[in-house]
Amino acid sequence: MIHESSYVDDGVVIGDNTKIWHFCHIQSGADIGSNCTLGQNVNVANNVIIGNGCKIQNNVSLYEGVHLEDHVFCGPSSVFTNDLTPRAKYPKGRAAYVKTLVKEGASIGANATIVCGHTVGRWSMIASGAVVTKDVPDHALMMGVPARQTGWVCECGEVLPISLQCTKCTRQYQKCNEGLKER
């Protein structure tokens, strides 16, 4: 389903059952998976990759160099960058864009900013308004400006207690080099 007010350039791949709502622009070379939802006024720039089952809320712009793996949630007006030192007078072009990877299941809160060049770990959660300026471990809960880790979250979204066993779904985790992994 693509709303009639949205514009999809030539050379775009859109998977089955993906919904694109009002006033979106999907640019050439974008690859959007199946079962995604793009809210109102979403811009997907050239060559952006969006996995299956992603939810991108209103007013999000995904700039070239951004790759969302499966089941990523982007809250309303969350922001992605792709140039660490932009100048209007001295544009560098796509060769200078810095890539950003958001791994499976990560959630990015409303009005959060993801500075380019970083990886947001699997099933991590970025709080609303946070500014991510470094890599985020798997299952990390990140808050503040700049974002800092304040805890751990379960795959189901619950904040984990010190025992690292979810009180909602009972998954158990242990620390590893990437952050947490399920036991």
# chains A, B, ... in the order shown; residues from 1 in each chain; ligands from 1
$ select_by_dssp --residues "chain A" --states "strand (DSSP E or B)" --output "PyMOL selection string"
chain A and resi 2+7-8+13-14+19-20+25-26+31-32+37-38+43-44+49-50+55-56+61-62+66-68+73-74+79-80+100-102+107-108+113-114+119-120+125-126+131-132+136+138+140-143+148-153+159+165+172-176+179-182
$ residues_around --residues "A:Asn58" --least-positions-apart "3" --cutoff "7 Å" --atoms "only C-alpha atoms" --output "MDAnalysis selection string"
chainID A and resid 39:42 76:77
$ residues_around --residues "A:Asn47" --least-positions-apart "6" --cutoff "7 Å" --atoms "only C-alpha atoms" --output "ChimeraX atom specification"
/A:28-31,64
$ residues_around --residues "stretch 82-93 of chain A" --least-positions-apart "5" --cutoff "10 Å" --atoms "only C-alpha atoms" --output "mmCIF file with N, CA, C and O atoms, in the first residue's frame"
data_model
loop_
_atom_site.group_PDB
_atom_site.id
_atom_site.type_symbol
_atom_site.label_atom_id
_atom_site.label_comp_id
_atom_site.auth_asym_id
_atom_site.auth_seq_id
_atom_site.Cartn_x
_atom_site.Cartn_y
_atom_site.Cartn_z
ATOM 1 N N LEU A 62 15.743 9.082 6.623
ATOM 2 C CA LEU A 62 16.829 8.111 6.610
ATOM 3 C C LEU A 62 17.741 8.491 5.453
ATOM 4 O O LEU A 62 17.373 8.316 4.289
ATOM 5 N N TYR A 63 18.910 9.027 5.767
ATOM 6 C CA TYR A 63 19.820 9.530 4.752
ATOM 7 C C TYR A 63 20.731 8.431 4.231
ATOM 8 O O TYR A 63 20.950 7.419 4.904
ATOM 9 N N GLU A 64 21.274 8.648 3.031
ATOM 10 C CA GLU A 64 22.154 7.668 2.407
ATOM 11 C C GLU A 64 23.261 7.269 3.380
ATOM 12 O O GLU A 64 23.854 8.113 4.047
ATOM 13 N N GLY A 65 23.496 5.970 3.466
ATOM 14 C CA GLY A 65 24.478 5.430 4.409
ATOM 15 C C GLY A 65 23.833 4.745 5.596
ATOM 16 O O GLY A 65 24.501 4.061 6.367
ATOM 17 N N VAL A 66 22.506 4.910 5.759
ATOM 18 C CA VAL A 66 21.797 4.270 6.870
ATOM 19 C C VAL A 66 21.311 2.893 6.436
ATOM 20 O O VAL A 66 20.766 2.724 5.350
ATOM 21 N N VAL A 98 29.179 8.907 5.889
ATOM 22 C CA VAL A 98 29.612 7.956 6.906
ATOM 23 C C VAL A 98 28.428 7.036 7.223
ATOM 24 O O VAL A 98 27.322 7.499 7.487
ATOM 25 N N LYS A 99 28.666 5.749 7.204
ATOM 26 C CA LYS A 99 27.592 4.764 7.359
ATOM 27 C C LYS A 99 27.150 4.598 8.809
ATOM 28 O O LYS A 99 27.931 4.787 9.740
ATOM 29 N N THR A 100 25.879 4.246 8.958
ATOM 30 C CA THR A 100 25.276 3.951 10.252
ATOM 31 C C THR A 100 24.540 2.625 10.129
ATOM 32 O O THR A 100 23.772 2.430 9.187
ATOM 33 N N ILE A 114 20.847 9.953 15.950
ATOM 34 C CA ILE A 114 21.910 8.964 15.784
ATOM 35 C C ILE A 114 22.971 9.613 14.906
ATOM 36 O O ILE A 114 22.758 9.813 13.706
ATOM 37 N N VAL A 115 24.098 9.987 15.508
ATOM 38 C CA VAL A 115 25.199 10.584 14.754
ATOM 39 C C VAL A 115 25.842 9.479 13.921
ATOM 40 O O VAL A 115 26.071 8.373 14.397
ATOM 41 N N CYS A 116 26.133 9.789 12.666
ATOM 42 C CA CYS A 116 26.624 8.777 11.728
ATOM 43 C C CYS A 116 27.957 8.184 12.171
ATOM 44 O O CYS A 116 28.693 8.761 12.972
ATOM 45 N N GLY A 117 28.219 7.002 11.618
ATOM 46 C CA GLY A 117 29.469 6.317 11.890
ATOM 47 C C GLY A 117 29.404 5.353 13.047
ATOM 48 O O GLY A 117 30.428 4.808 13.466
#
$ residues_around --residues "A:Gly144" --least-positions-apart "5" --cutoff "10 Å" --atoms "only C-alpha atoms" --output "ChimeraX atom specification"
/A:112,126-132,149-150
$ residues_around --residues "A:Met125" --least-positions-apart "4" --cutoff "12 Å" --atoms "only C-alpha atoms" --output "PyMOL selection string"
chain A and resi 72-75+102-110+112+120-121+129-130+132+136-143+147-160
$ atom_distance --atom1 "atom CA of A:Asn111" --atom2 "atom CA of A:Lys134"
17.3 Å
$ residues_around --residues "A:Phe23" --least-positions-apart "6" --cutoff "12 Å" --atoms "only C-alpha atoms" --output "PyMOL selection string"
chain A and resi 2-8+38-44+58-60
$ closest_residue --among "A:Gln27, A:Thr133, A:Thr81, A:Thr18" --to "A:Gly53" --atoms "only C-alpha atoms"
A:Thr18
